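Below is the file query.txt, which contains compact mmCIF, C-alpha atoms.
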```txt
# COMPACT_ATOMS: atom_id res chain seq x y z
CA MET A 1 42.62 105.08 83.89
CA ARG A 2 44.84 102.24 82.69
CA PRO A 3 47.48 104.54 81.12
CA ALA A 4 47.63 106.57 84.35
CA LEU A 5 48.15 103.43 86.40
CA LEU A 6 50.86 102.32 84.01
CA VAL A 7 52.66 105.66 84.34
CA LEU A 8 52.39 105.44 88.13
CA LEU A 9 53.77 101.90 88.23
CA LEU A 10 56.66 102.73 85.88
CA SER A 11 57.57 105.75 88.03
CA LEU A 12 57.65 103.68 91.19
CA SER A 13 59.77 100.96 89.60
CA ALA A 14 62.26 103.57 88.35
CA CYS A 15 63.04 104.48 91.99
CA SER A 16 64.81 101.18 92.74
CA LYS A 17 68.58 100.97 92.13
CA PRO A 18 70.50 97.81 91.24
CA LEU A 19 71.85 95.75 94.16
CA THR A 20 75.46 96.59 95.04
CA GLY A 21 77.81 95.13 97.58
CA THR A 22 81.05 93.35 98.35
CA THR A 23 81.54 89.62 98.83
CA ILE A 24 84.47 88.45 100.92
CA HIS A 25 85.52 84.82 100.62
CA ASP A 26 87.72 83.19 103.21
CA ARG A 27 90.68 81.26 101.87
CA LEU A 28 93.50 79.09 103.13
CA GLU A 29 96.70 78.97 101.07
CA THR A 30 100.13 77.44 101.40
CA LEU A 31 103.25 79.58 101.64
CA PHE A 32 106.96 79.07 101.82
CA GLN A 33 108.53 82.28 103.11
CA LEU A 34 111.60 83.02 105.19
CA HIS A 35 111.48 86.14 107.38
CA THR A 36 114.91 87.47 108.37
CA VAL A 37 114.37 91.03 109.65
CA GLU A 38 111.73 93.17 111.31
CA MET A 39 111.63 96.96 111.70
CA VAL A 40 109.22 98.28 114.30
CA PHE A 41 108.06 101.91 114.08
CA ARG A 42 106.36 103.88 116.80
CA ASP A 43 103.69 106.26 115.45
CA VAL A 44 102.09 108.94 117.61
CA VAL A 45 98.91 110.27 116.00
CA TYR A 46 97.00 113.45 116.83
CA HIS A 47 93.50 113.57 115.40
CA ARG A 48 90.98 116.40 115.66
CA SER A 49 87.62 116.78 113.99
CA ASN A 50 85.10 119.63 114.18
CA GLN A 51 81.73 119.88 112.62
CA ARG A 52 80.29 123.29 111.76
CA LEU A 53 76.73 124.26 111.04
CA ALA A 54 76.52 126.51 107.96
CA GLY A 55 80.29 126.86 108.18
CA LEU A 56 80.01 129.12 111.23
CA ILE A 57 78.66 127.42 114.34
CA PRO A 58 81.06 124.78 115.69
CA PHE A 59 79.75 121.65 117.37
CA ASP A 60 80.78 118.03 117.89
CA HIS A 61 84.45 118.66 118.69
CA ARG A 62 86.53 115.46 118.98
CA GLU A 63 90.18 115.14 119.77
CA THR A 64 92.50 112.25 120.52
CA LEU A 65 96.21 111.51 120.84
CA PHE A 66 97.33 107.91 120.60
CA ARG A 67 100.29 105.68 119.84
CA VAL A 68 100.58 102.50 117.76
CA PHE A 69 103.47 100.23 116.75
CA VAL A 70 103.84 99.26 113.10
CA SER A 71 105.85 96.18 112.17
CA VAL A 72 107.51 95.72 108.77
CA ARG A 73 109.04 92.32 108.01
CA ALA A 74 111.25 91.40 105.08
CA GLY A 75 112.68 88.18 103.81
CA PHE A 76 112.46 85.74 100.94
CA ASP A 77 109.63 84.08 99.10
CA LEU A 78 110.99 80.57 98.68
CA SER A 79 108.10 79.56 96.42
CA ARG A 80 109.68 81.64 93.65
CA PRO A 81 111.49 79.69 90.92
CA GLU A 82 114.71 81.58 91.73
CA PHE A 83 115.05 79.61 94.98
CA ALA A 84 117.22 76.55 94.46
CA VAL A 85 119.42 74.28 96.55
CA ALA A 86 121.70 71.79 94.81
CA VAL A 87 124.92 69.85 95.36
CA ASP A 88 127.52 70.47 92.68
CA ASN A 89 130.91 68.70 92.86
CA GLY A 90 130.57 68.23 96.60
CA GLN A 91 129.63 71.87 97.16
CA VAL A 92 126.20 72.97 98.32
CA ARG A 93 124.97 75.83 96.16
CA ILE A 94 122.13 77.92 97.54
CA ARG A 95 120.34 80.51 95.46
CA LEU A 96 117.81 82.80 97.13
CA PRO A 97 115.48 85.22 95.34
CA GLU A 98 115.91 88.92 95.98
CA PRO A 99 114.48 89.96 99.36
CA GLU A 100 111.12 91.68 99.57
CA ILE A 101 108.73 92.99 102.18
CA LEU A 102 106.54 90.08 103.26
CA TRP A 103 104.44 91.53 106.06
CA VAL A 104 103.34 94.95 107.32
CA ASP A 105 100.95 95.43 110.19
CA ALA A 106 99.91 98.08 112.70
CA ASP A 107 99.49 96.10 115.91
CA ASP A 108 96.04 96.99 117.25
CA SER A 109 96.84 95.55 120.67
CA SER A 110 99.72 98.08 120.93
CA LEU A 111 97.35 101.04 120.68
CA HIS A 112 97.72 103.38 123.62
CA GLU A 113 95.43 106.39 124.01
CA TYR A 114 97.22 109.27 125.75
CA PHE A 115 94.13 111.45 125.96
CA SER A 116 90.73 111.71 124.37
CA ARG A 117 88.04 114.39 124.26
CA ASP A 118 84.89 112.66 123.06
CA GLY A 119 87.23 110.49 121.00
CA ASN A 120 84.53 108.37 119.46
CA ILE A 121 86.21 108.25 116.08
CA GLY A 122 84.65 105.05 114.76
CA LEU A 123 85.90 101.80 113.28
CA ARG A 124 85.99 103.15 109.74
CA PHE A 125 88.41 105.97 110.71
CA LEU A 126 90.65 103.51 112.56
CA GLN A 127 90.78 101.27 109.50
CA GLU A 128 91.51 104.16 107.12
CA HIS A 129 94.20 105.46 109.44
CA LYS A 130 95.76 102.02 109.75
CA ALA A 131 95.95 101.61 105.96
CA LYS A 132 97.77 104.95 105.71
CA ARG A 133 100.26 104.10 108.46
CA ILE A 134 101.03 100.75 106.86
CA GLU A 135 101.81 102.34 103.49
CA ASP A 136 103.90 105.13 105.00
CA ASN A 137 105.98 102.79 107.13
CA ARG A 138 106.48 100.30 104.31
CA ALA A 139 108.03 103.09 102.24
CA ARG A 140 110.13 104.23 105.20
CA ALA A 141 111.46 100.76 105.89
CA LEU A 142 112.56 100.47 102.26
CA GLN A 143 114.33 103.84 102.49
CA MET A 144 116.09 102.70 105.68
CA GLY A 145 117.53 99.62 103.99
CA ILE A 146 115.39 96.79 105.30
CA LEU A 147 116.10 94.67 102.22
CA ALA A 148 119.88 94.92 102.64
CA GLU A 149 119.44 93.95 106.29
CA ALA A 150 117.33 90.97 105.20
CA LYS A 151 120.19 89.77 102.96
CA ARG A 152 122.76 90.20 105.74
CA ASN A 153 120.67 88.15 108.16
CA ALA A 154 120.02 85.48 105.55
CA ARG A 155 123.75 85.03 105.09
CA LEU A 156 124.23 84.62 108.87
CA LEU A 157 121.40 82.10 108.98
CA VAL A 158 122.90 80.02 106.19
CA ILE A 159 126.32 80.07 107.91
CA ASP A 160 124.80 78.70 111.11
CA LEU A 161 122.67 76.15 109.26
CA MET A 162 125.58 74.76 107.22
CA ARG A 163 127.68 74.49 110.36
CA GLU A 164 124.93 72.52 112.16
CA LEU A 165 124.53 70.22 109.17
CA GLY A 166 128.29 69.68 109.00
CA VAL A 167 128.63 71.15 105.52
CA ASP A 168 132.05 72.70 104.84
CA ARG A 169 131.77 73.77 101.23
CA TRP A 170 128.83 75.92 100.25
CA SER A 171 127.95 79.08 98.38
CA LEU A 172 125.09 81.54 98.58
CA GLU A 173 123.85 83.90 95.89
CA PHE A 174 120.82 86.12 95.43
CA SER A 175 119.05 86.03 92.12
CA ALA A 176 116.47 88.44 90.70
CA ALA A 177 113.54 87.18 88.64
CA PRO A 178 114.08 87.06 84.88
CA ALA A 179 112.71 90.08 82.96
CA GLY A 180 108.96 89.97 82.50
CA GLN A 181 108.27 87.94 85.66
CA PRO A 182 106.97 89.45 88.93
CA MET B 1 39.26 107.99 92.32
CA ASN B 2 38.62 109.56 88.86
CA GLN B 3 40.92 109.49 85.89
CA ARG B 4 42.07 113.07 86.31
CA THR B 5 43.23 112.33 89.87
CA LEU B 6 45.15 109.28 88.73
CA TRP B 7 46.89 111.29 86.00
CA ILE B 8 47.87 113.90 88.59
CA LEU B 9 49.24 111.20 90.91
CA GLY B 10 51.16 109.68 88.03
CA ALA B 11 52.65 113.04 87.06
CA VAL B 12 53.67 113.71 90.66
CA ALA B 13 55.35 110.29 90.88
CA VAL B 14 57.27 110.92 87.64
CA GLY B 15 58.30 114.36 88.85
CA LEU B 16 59.54 113.04 92.19
CA THR B 17 61.50 110.28 90.49
CA ALA B 18 63.13 112.78 88.14
CA LEU B 19 64.01 114.98 91.11
CA VAL B 20 65.60 112.09 93.03
CA LEU B 21 67.65 111.09 89.99
CA ALA B 22 68.73 114.67 89.40
CA ILE B 23 69.83 115.09 92.99
CA GLY B 24 71.99 112.02 92.61
CA PHE B 25 74.04 113.84 89.97
CA LEU B 26 74.37 117.07 91.94
CA PRO B 27 77.15 117.66 94.45
CA PRO B 28 75.98 116.97 98.02
CA LEU B 29 74.16 119.90 99.52
CA SER B 30 74.85 120.03 103.22
CA LEU B 31 74.63 122.64 105.90
CA ILE B 32 77.12 120.70 108.01
CA THR B 33 80.81 120.74 107.16
CA THR B 34 83.42 118.53 108.82
CA ILE B 35 87.01 119.58 109.32
CA ARG B 36 89.51 116.81 110.13
CA VAL B 37 93.11 117.40 111.11
CA GLN B 38 95.65 114.66 111.63
CA THR B 39 99.38 114.77 112.25
CA VAL B 40 101.73 111.84 112.84
CA ALA B 41 105.16 111.60 114.47
CA SER B 42 106.91 108.39 113.44
CA ARG B 43 110.14 106.94 114.81
CA LEU B 44 112.07 103.71 114.23
CA GLU B 45 111.82 101.89 117.54
CA ARG B 46 113.94 98.78 116.92
CA VAL B 47 115.36 96.40 114.31
CA VAL B 48 115.08 92.69 115.08
CA SER B 49 116.69 89.71 113.38
CA LEU B 50 114.21 86.99 112.52
CA ARG B 51 114.56 83.35 111.57
CA SER B 52 111.02 82.22 110.92
CA LEU B 53 109.50 80.19 108.15
CA ASP B 54 105.84 80.65 107.16
CA PHE B 55 104.04 77.74 105.55
CA ALA B 56 100.35 78.72 105.43
CA GLN B 57 98.15 81.80 105.38
CA TYR B 58 94.46 82.31 106.05
CA PHE B 59 92.09 85.19 105.19
CA GLY B 60 88.73 85.30 106.85
CA LEU B 61 85.96 87.54 108.16
CA TYR B 62 84.30 87.22 111.55
CA ILE B 63 81.33 89.14 112.88
CA PHE B 64 81.20 90.14 116.54
CA PRO B 65 79.16 89.08 118.46
CA TYR B 66 77.49 86.46 116.23
CA ASP B 67 80.58 84.39 115.44
CA PHE B 68 81.71 84.30 119.05
CA PHE B 69 78.59 83.11 120.89
CA PRO B 70 76.31 80.11 120.37
CA GLU B 71 72.96 81.28 119.00
CA THR B 72 71.17 80.22 122.18
CA THR B 73 73.32 82.41 124.46
CA ASP B 74 71.15 84.37 126.86
CA PHE B 75 72.86 87.63 127.81
CA ALA B 76 70.26 88.29 130.50
CA GLN B 77 71.26 85.05 132.23
CA LEU B 78 74.95 85.96 132.05
CA ARG B 79 74.11 89.39 133.44
CA ARG B 80 72.51 87.79 136.51
CA LEU B 81 75.70 85.91 137.53
CA THR B 82 77.06 87.07 140.86
CA PRO B 83 80.79 87.75 141.34
CA GLU B 84 81.01 84.56 143.39
CA GLU B 85 79.45 82.54 140.57
CA VAL B 86 81.83 84.13 138.06
CA ALA B 87 84.79 83.19 140.26
CA ARG B 88 83.64 79.55 140.19
CA LEU B 89 83.54 79.33 136.38
CA THR B 90 85.86 76.94 134.59
CA PRO B 91 88.65 78.53 132.48
CA ALA B 92 86.65 77.90 129.28
CA GLN B 93 83.51 79.41 130.84
CA ARG B 94 85.53 82.38 132.10
CA ARG B 95 86.83 83.07 128.57
CA HIS B 96 83.23 82.98 127.37
CA HIS B 97 82.21 85.34 130.16
CA GLU B 98 85.03 87.70 129.16
CA LEU B 99 83.46 87.91 125.69
CA PHE B 100 80.14 88.74 127.28
CA GLN B 101 81.75 91.52 129.35
CA LEU B 102 83.31 92.88 126.14
CA ALA B 103 79.88 92.89 124.47
CA GLU B 104 78.42 94.77 127.45
CA SER B 105 81.20 97.37 127.31
CA LEU B 106 80.34 97.88 123.62
CA ASP B 107 76.66 98.33 124.54
CA ILE B 108 75.70 95.10 122.76
CA ARG B 109 72.93 93.98 125.06
CA SER B 110 71.87 90.77 123.30
CA LEU B 111 72.37 88.72 120.15
CA ARG B 112 69.15 90.30 118.85
CA SER B 113 70.37 93.89 119.07
CA PHE B 114 71.33 95.44 115.75
CA LYS B 115 74.88 96.18 116.85
CA PHE B 116 77.79 94.33 115.33
CA PHE B 117 81.08 94.90 113.58
CA PRO B 118 83.23 92.86 111.17
CA ILE B 119 86.78 91.73 111.86
CA ALA B 120 88.75 90.75 108.77
CA VAL B 121 91.88 88.80 109.67
CA ARG B 122 94.97 87.54 107.94
CA ALA B 123 97.00 84.97 109.85
CA ARG B 124 100.13 83.00 109.15
CA ALA B 125 101.53 79.82 110.64
CA GLY B 126 105.00 78.39 110.61
CA ILE B 127 108.06 77.69 112.73
CA ASP B 128 110.44 80.02 114.51
CA LEU B 129 114.07 78.93 114.27
CA ALA B 130 115.48 81.81 116.34
CA GLY B 131 117.61 80.54 119.21
CA GLN B 132 117.01 76.94 118.16
CA ARG B 133 119.57 74.33 117.30
CA LEU B 134 118.66 71.65 114.82
CA GLN B 135 118.27 68.32 116.57
CA VAL B 136 119.24 65.49 114.26
CA THR B 137 119.26 61.88 115.47
CA ASP B 138 119.95 58.66 113.64
CA ARG B 139 117.62 55.78 114.44
CA ASP B 140 118.33 52.56 112.53
CA GLY B 141 119.70 54.43 109.54
CA VAL B 142 116.82 56.90 109.39
CA LEU B 143 117.65 60.48 110.16
CA THR B 144 115.13 62.21 112.39
CA LEU B 145 115.05 65.98 112.41
CA ARG B 146 113.26 67.57 115.34
CA LEU B 147 111.85 71.04 114.58
CA PRO B 148 110.20 73.71 116.73
CA PRO B 149 106.39 73.58 116.99
CA VAL B 150 104.17 74.97 114.25
CA THR B 151 102.37 78.01 115.67
CA VAL B 152 100.51 81.10 114.50
CA THR B 153 103.43 83.42 113.69
CA ALA B 154 101.38 86.51 112.85
CA LEU B 155 97.79 87.67 113.20
CA GLN B 156 96.70 90.84 111.48
CA ILE B 157 93.40 92.67 111.81
CA LEU B 158 92.97 93.85 108.25
CA ASP B 159 92.38 97.47 107.46
CA GLN B 160 89.76 96.62 104.89
CA VAL B 161 87.20 99.35 104.75
CA LEU B 162 83.84 97.79 104.11
CA PRO B 163 81.67 100.74 103.08
CA GLU B 164 78.46 98.72 102.91
CA TRP B 165 78.78 97.72 106.56
CA PRO B 166 77.61 100.12 109.27
CA ASP B 167 80.29 101.98 111.19
CA PHE B 168 80.80 101.20 114.88
CA PRO B 169 81.45 103.85 117.56
CA PHE B 170 84.92 102.87 118.79
CA THR B 171 87.34 105.03 120.67
CA VAL B 172 91.02 104.12 120.31
CA GLU B 173 91.14 102.61 123.81
CA LEU B 174 87.94 100.62 123.30
CA TRP B 175 89.25 99.18 120.02
CA ARG B 176 92.52 98.19 121.70
CA ARG B 177 90.64 96.47 124.51
CA THR B 178 88.37 94.71 122.00
CA ILE B 179 91.26 93.31 119.99
CA THR B 180 93.16 92.25 123.13
CA VAL B 181 90.13 90.26 124.32
CA LEU B 182 89.30 88.81 120.89
CA GLU B 183 92.80 87.80 119.83
CA PRO B 184 93.03 84.50 121.77
CA HIS B 185 89.54 83.57 120.55
CA LEU B 186 90.54 84.35 116.97
CA ARG B 187 93.64 82.20 117.31
CA GLN B 188 91.52 79.34 118.59
CA LYS B 189 89.14 79.69 115.62
CA LEU B 190 92.08 79.73 113.22
CA GLU B 191 93.45 76.53 114.70
CA GLU B 192 90.20 74.62 115.01
CA GLU B 193 87.95 75.88 112.23
CA ALA B 194 90.33 77.13 109.56
CA ARG B 195 92.81 74.24 109.93
CA LEU B 196 95.63 76.76 109.64
CA LEU B 197 98.14 74.87 111.79
CA GLN B 198 97.43 71.51 110.20
CA THR B 199 97.90 72.93 106.70
CA ALA B 200 101.12 74.67 107.77
CA ARG B 201 102.43 71.44 109.32
CA GLU B 202 101.71 69.42 106.16
CA ASN B 203 103.30 72.02 103.91
CA ALA B 204 106.34 72.34 106.21
CA HIS B 205 106.82 68.60 106.07
CA ARG B 206 106.66 68.58 102.29
CA GLN B 207 108.94 71.58 101.70
CA ILE B 208 111.62 70.69 104.24
CA THR B 209 111.76 67.06 103.12
CA GLN B 210 112.23 68.15 99.49
CA LEU B 211 114.93 70.62 100.56
CA LEU B 212 116.90 68.06 102.51
CA GLU B 213 116.57 65.45 99.77
CA SER B 214 117.98 67.96 97.26
CA LEU B 215 121.02 68.16 99.57
CA GLY B 216 121.37 64.41 99.36
CA ILE B 217 120.12 63.95 102.92
CA GLY B 218 117.68 61.09 103.24
CA PRO B 219 115.67 59.15 104.09
CA ILE B 220 114.54 61.64 106.70
CA ARG B 221 111.76 61.80 109.22
CA LEU B 222 110.53 65.13 110.54
CA GLU B 223 109.11 65.68 114.00
CA PHE B 224 107.56 68.89 115.28
CA ALA B 225 107.80 69.70 118.97
CA SER B 226 104.57 70.30 120.87
CA PRO B 227 103.64 73.93 121.50
```
What does this structure look like when you write it as C-alpha cells?
Amino acid sequence: MRPALLVLLLSLSACSKPLTGTTIHDRLETLFQLHTVEMVFRDVVYHRSNQRLAGLIPFDHRETLFRVFVSVRAGFDLSRPEFAVAVDNGQVRIRLPEPEILWVDADDSSLHEYFSRDGNIGLRFLQEHKAKRIEDNRARALQMGILAEAKRNARLLVIDLMRELGVDRWSLEFSAAPAGQP
Amino acid sequence: MNQRTLWILGAVAVGLTALVLAIGFLPPLSLITTIRVQTVASRLERVVSLRSLDFAQYFGLYIFPYDFFPETTDFAQLRRLTPEEVARLTPAQRRHHELFQLAESLDIRSLRSFKFFPIAVRARAGIDLAGQRLQVTDRDGVLTLRLPPVTVTALQILDQVLPEWPDFPFTVELWRRTITVLEPHLRQKLEEEARLLQTARENAHRQITQLLESLGIGPIRLEFASP
C-alpha cells in the first residue's frame, strides 16, 4: 500500500507548474531633455474579427472604425556628454548632441469611434494596437525629416535666447556621440 | 480500500499527468478559429514647434478601481444619492462621484467585485518656454530669473501588454471615456504621491543654475511662476 500511495502523491505533485509572472516597479528619474518639434499623425483604424465553429459556422462578428492621434516629439537629450556650453574668448560656444526622438504616444483621449458593431474588442487588443501605431508612426516621422526639423527649431531657439540674454557673439554646433557610445 | 485499488488509482494519476504534459507540447486543438482583419489609414495632421524642457519622468502602475477609492467606499451608498444631493456635492466630492459613475458604466458594482484593470503610466514634468520671454531682474547685485511654472508636460498610458492580468471588455469609446475621466486623477496622484513636480523643480534648479554659471552668469536666483 505504501508504494501505491507514494506513486499517487508523486503524480499529484508533478501536476503543479513553477510560479510565473511579471513584476513592475514604479520609478522616478531625473531628465534633462529639450523638445523642439512635434509631428501629429491621424490614424483611422478599421478592425473586424469573426469567430468560426469548425471553420464553417460564423459567430461572434465584431467590427469597429475609429480614429486616434499619435504624437511624435523630437529634440535633444542634454544629459549626454556631447552637450556643452562654454565661453571662449568672449564668445559663447554651444554644442548640442544630435537630435533624437524623445517621445511617442497615441493619445487615448483623442480616440473617436465612428461606428461599432458589438465592438467589445478588449483592453489587450487596444494595447497591442497602440504599440503597433507607435512604432509605425515613429518610423514615418523619421522618414519625414523630424530630426532635421528639430535642429532647425533648436537654432531658432538659441537665436532668441542669446538675444534675450544680450549675447552678441555665439556659435552653435551639433555633435554626434563618439564611436562605441550610445 | 485494498492495495490493488490503490495501485489502479496511482496508475490512473500517472497516466493523467502524462497526458496533461503531452498536451502541453502539442499544438492547440480548437474547434473555434478567429479571423482578425485590420487596416489603417495614416496621415500627417500637423507639425508644431516646441520649446519645452523636461526634468523628471515617472513610471508607475495603478489599478482601477482599487487605487482610486478609499477601501471603505460604499458603492451602494453612492448609488442611493439623489440628483439633488449630487448637485450639492463639493468639487472634490463631485470628482469622486465621477469616478463612481465611471465604475458603474464599466459594470464594477463594488470594490469587492472581481473586475479591475491596470493602467501603466509614464509621465514627464518640466517647463514650457514657448511664447515666454525670460524675465531677468537685478536685486542688490543678485540676478533673479523668473521661469514658467513646472507642470506635467506629458502623460502617456503605456501600451504594456500584461499577459498575466485578465483582459477587460472595453470598446473604443468606453476606453476613451475612461481615460478622459481618469486623467485628472492620475495627474493629481503624480503630483502628490509620486513627487514628480517637486523632483522636476529641484532638477530644473540644478541644471539651469549650472548652465548659467558656465556662461559666467552668477550669482543667480531662480523663481518658478505658480501654475
*Residues at most 12 Å from Asp67 (chain B), counting only C-alpha atoms, excluding those fewer than 2 positions away in the same chain, as a PyMOL selection string?*
chain B and resi 60-65+69-71+73+99+111+116-119+182+185-186+189+193
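Coordinates place CA of Arg51 (chain B) at a distance of 17.5 Å from CA of Pro227 (chain B).
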*For Ala154 (chain B), which residue out of A:His61, A:Arg152, A:Arg52, A:Arg73 is the nearest one, using all atoms listed in the file?*
A:Arg73
_To one decimal place in Å, what is the distance between CA of Thr36 (chain A) and CA of Leu50 (chain B)?_
4.2 Å
*Suppose you want the space between CA of Arg187 (chain B) and CA of Leu78 (chain B); what is it in Å?*
24.1 Å
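Among the candidates A:Val87, A:Leu56, A:Leu165, A:Leu126, the residue lying nearest to Ile35 (chain B) is A:Leu56 (atoms considered: all atoms listed in the file).
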Within 10 Å of Asn137 (chain A), counting all atoms listed in the file, which residues show up once you throw out same-chain ones fewer than 4 positions away? Write them as a compact mmCIF listing (two decimals) with C-alpha atoms, keeping the file's coordinate frame, please.
```
# COMPACT_ATOMS: atom_id res chain seq x y z
CA MET A 39 111.63 96.96 111.70
CA VAL A 40 109.22 98.28 114.30
CA PHE A 41 108.06 101.91 114.08
CA ARG A 42 106.36 103.88 116.80
CA ASP A 43 103.69 106.26 115.45
CA VAL A 70 103.84 99.26 113.10
CA SER A 71 105.85 96.18 112.17
CA VAL A 72 107.51 95.72 108.77
CA VAL A 104 103.34 94.95 107.32
CA ASP A 105 100.95 95.43 110.19
CA ALA A 106 99.91 98.08 112.70
CA LYS A 132 97.77 104.95 105.71
CA ARG A 133 100.26 104.10 108.46
CA ALA A 141 111.46 100.76 105.89
CA LEU A 142 112.56 100.47 102.26
CA GLN A 143 114.33 103.84 102.49
CA SER B 42 106.91 108.39 113.44
CA ARG B 43 110.14 106.94 114.81
CA LEU B 44 112.07 103.71 114.23
```
_Residues proximal to (87.3, 114.2, 121.6) were defined as those with any atom within 7 Å of that point in the file's coordinates, counting all atoms listed in the file. Which are they, as a list in words?_
His61, Arg62, Glu63, Thr64, Ser116, Arg117, Asp118, Gly119 and Asn120 of chain A
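Across A:Asp88, A:Asp108, A:Glu173, A:Glu100, the tightest approach to chain B is made by A:Asp108 when counting all atoms listed in the file.
Comparing A:Ser49, A:Glu135, A:Val37, A:Ser109 by their smallest distance to Thr178 (chain B), the closest is A:Ser109 (using all atoms listed in the file).
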*Find the spatial neighbours of Arg195 (chain B), counting all atoms listed in the file, within a cut-off of 12 Å - ignore same-chain residues fewer than 4 positions away - and output them as a VMD selection string.*
(chain A and resid 27 to 30) or (chain B and resid 56 to 59 123 to 125 151 to 152 187 to 191 199 to 202)
*Find the residues with any atom within 7 Å of (114.3, 88.8, 97.3); use only C-alpha atoms and the coordinates as given in the file, and write the answer as a list in words.*
Gly75, Phe76, Asp77, Leu96, Pro97, Glu98, Pro99, Glu100 and Ala176 of chain A
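Each of B:Thr39, B:Gln77, B:Pro169, B:Glu104 was compared to Phe125 (chain A) using only C-alpha atoms, and B:Pro169 turns out to be the nearest.
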*Would you please work out which residue, of B:Glu84, B:Glu45, B:Glu98, B:Asp128, is nearest to chain A when using all atoms listed in the file?*
B:Glu45
Provide region 112-131 of chain A rebuilt to N, CA and C atoms, formatted as a PDB file, in the coordinates of the input.
```
ATOM      1  N   HIS A 112      97.761 102.776 122.290  1.00  0.00           N
ATOM      2  CA  HIS A 112      97.720 103.380 123.620  1.00  0.00           C
ATOM      3  C   HIS A 112      97.191 104.802 123.478  1.00  0.00           C
ATOM      4  N   GLU A 113      96.066 105.067 124.107  1.00  0.00           N
ATOM      5  CA  GLU A 113      95.430 106.390 124.010  1.00  0.00           C
ATOM      6  C   GLU A 113      95.974 107.282 125.118  1.00  0.00           C
ATOM      7  N   TYR A 114      96.679 108.356 124.736  1.00  0.00           N
ATOM      8  CA  TYR A 114      97.220 109.270 125.750  1.00  0.00           C
ATOM      9  C   TYR A 114      96.116 110.148 126.322  1.00  0.00           C
ATOM     10  N   PHE A 115      95.306 110.722 125.470  1.00  0.00           N
ATOM     11  CA  PHE A 115      94.130 111.450 125.960  1.00  0.00           C
ATOM     12  C   PHE A 115      93.065 111.441 124.879  1.00  0.00           C
ATOM     13  N   SER A 116      91.852 111.715 125.309  1.00  0.00           N
ATOM     14  CA  SER A 116      90.730 111.710 124.370  1.00  0.00           C
ATOM     15  C   SER A 116      89.677 112.683 124.857  1.00  0.00           C
ATOM     16  N   ARG A 117      89.160 113.505 123.935  1.00  0.00           N
ATOM     17  CA  ARG A 117      88.040 114.390 124.260  1.00  0.00           C
ATOM     18  C   ARG A 117      86.908 113.980 123.317  1.00  0.00           C
ATOM     19  N   ASP A 118      85.946 113.257 123.877  1.00  0.00           N
ATOM     20  CA  ASP A 118      84.890 112.660 123.060  1.00  0.00           C
ATOM     21  C   ASP A 118      85.503 111.987 121.833  1.00  0.00           C
ATOM     22  N   GLY A 119      86.462 111.075 122.109  1.00  0.00           N
ATOM     23  CA  GLY A 119      87.230 110.490 121.000  1.00  0.00           C
ATOM     24  C   GLY A 119      86.558 109.350 120.290  1.00  0.00           C
ATOM     25  N   ASN A 120      85.253 109.425 120.155  1.00  0.00           N
ATOM     26  CA  ASN A 120      84.530 108.370 119.460  1.00  0.00           C
ATOM     27  C   ASN A 120      84.745 108.549 117.967  1.00  0.00           C
ATOM     28  N   ILE A 121      85.838 107.974 117.465  1.00  0.00           N
ATOM     29  CA  ILE A 121      86.210 108.250 116.080  1.00  0.00           C
ATOM     30  C   ILE A 121      85.741 107.178 115.109  1.00  0.00           C
ATOM     31  N   GLY A 122      85.264 106.044 115.623  1.00  0.00           N
ATOM     32  CA  GLY A 122      84.650 105.050 114.760  1.00  0.00           C
ATOM     33  C   GLY A 122      85.616 104.058 114.146  1.00  0.00           C
ATOM     34  N   LEU A 123      85.089 102.874 113.836  1.00  0.00           N
ATOM     35  CA  LEU A 123      85.900 101.800 113.280  1.00  0.00           C
ATOM     36  C   LEU A 123      86.418 102.165 111.898  1.00  0.00           C
ATOM     37  N   ARG A 124      85.588 102.837 111.112  1.00  0.00           N
ATOM     38  CA  ARG A 124      85.990 103.150 109.740  1.00  0.00           C
ATOM     39  C   ARG A 124      87.219 104.070 109.750  1.00  0.00           C
ATOM     40  N   PHE A 125      87.237 105.086 110.643  1.00  0.00           N
ATOM     41  CA  PHE A 125      88.410 105.970 110.710  1.00  0.00           C
ATOM     42  C   PHE A 125      89.643 105.173 111.106  1.00  0.00           C
ATOM     43  N   LEU A 126      89.501 104.295 112.100  1.00  0.00           N
ATOM     44  CA  LEU A 126      90.650 103.510 112.560  1.00  0.00           C
ATOM     45  C   LEU A 126      91.208 102.661 111.418  1.00  0.00           C
ATOM     46  N   GLN A 127      90.324 102.088 110.610  1.00  0.00           N
ATOM     47  CA  GLN A 127      90.780 101.270 109.500  1.00  0.00           C
ATOM     48  C   GLN A 127      91.464 102.117 108.427  1.00  0.00           C
ATOM     49  N   GLU A 128      90.907 103.288 108.134  1.00  0.00           N
ATOM     50  CA  GLU A 128      91.510 104.160 107.120  1.00  0.00           C
ATOM     51  C   GLU A 128      92.874 104.648 107.600  1.00  0.00           C
ATOM     52  N   HIS A 129      92.934 104.989 108.876  1.00  0.00           N
ATOM     53  CA  HIS A 129      94.200 105.460 109.440  1.00  0.00           C
ATOM     54  C   HIS A 129      95.255 104.363 109.391  1.00  0.00           C
ATOM     55  N   LYS A 130      94.825 103.144 109.723  1.00  0.00           N
ATOM     56  CA  LYS A 130      95.760 102.020 109.750  1.00  0.00           C
ATOM     57  C   LYS A 130      96.335 101.787 108.351  1.00  0.00           C
ATOM     58  N   ALA A 131      95.483 101.823 107.340  1.00  0.00           N
ATOM     59  CA  ALA A 131      95.950 101.610 105.960  1.00  0.00           C
ATOM     60  C   ALA A 131      97.017 102.646 105.601  1.00  0.00           C
TER      61      ALA A 131
END
```
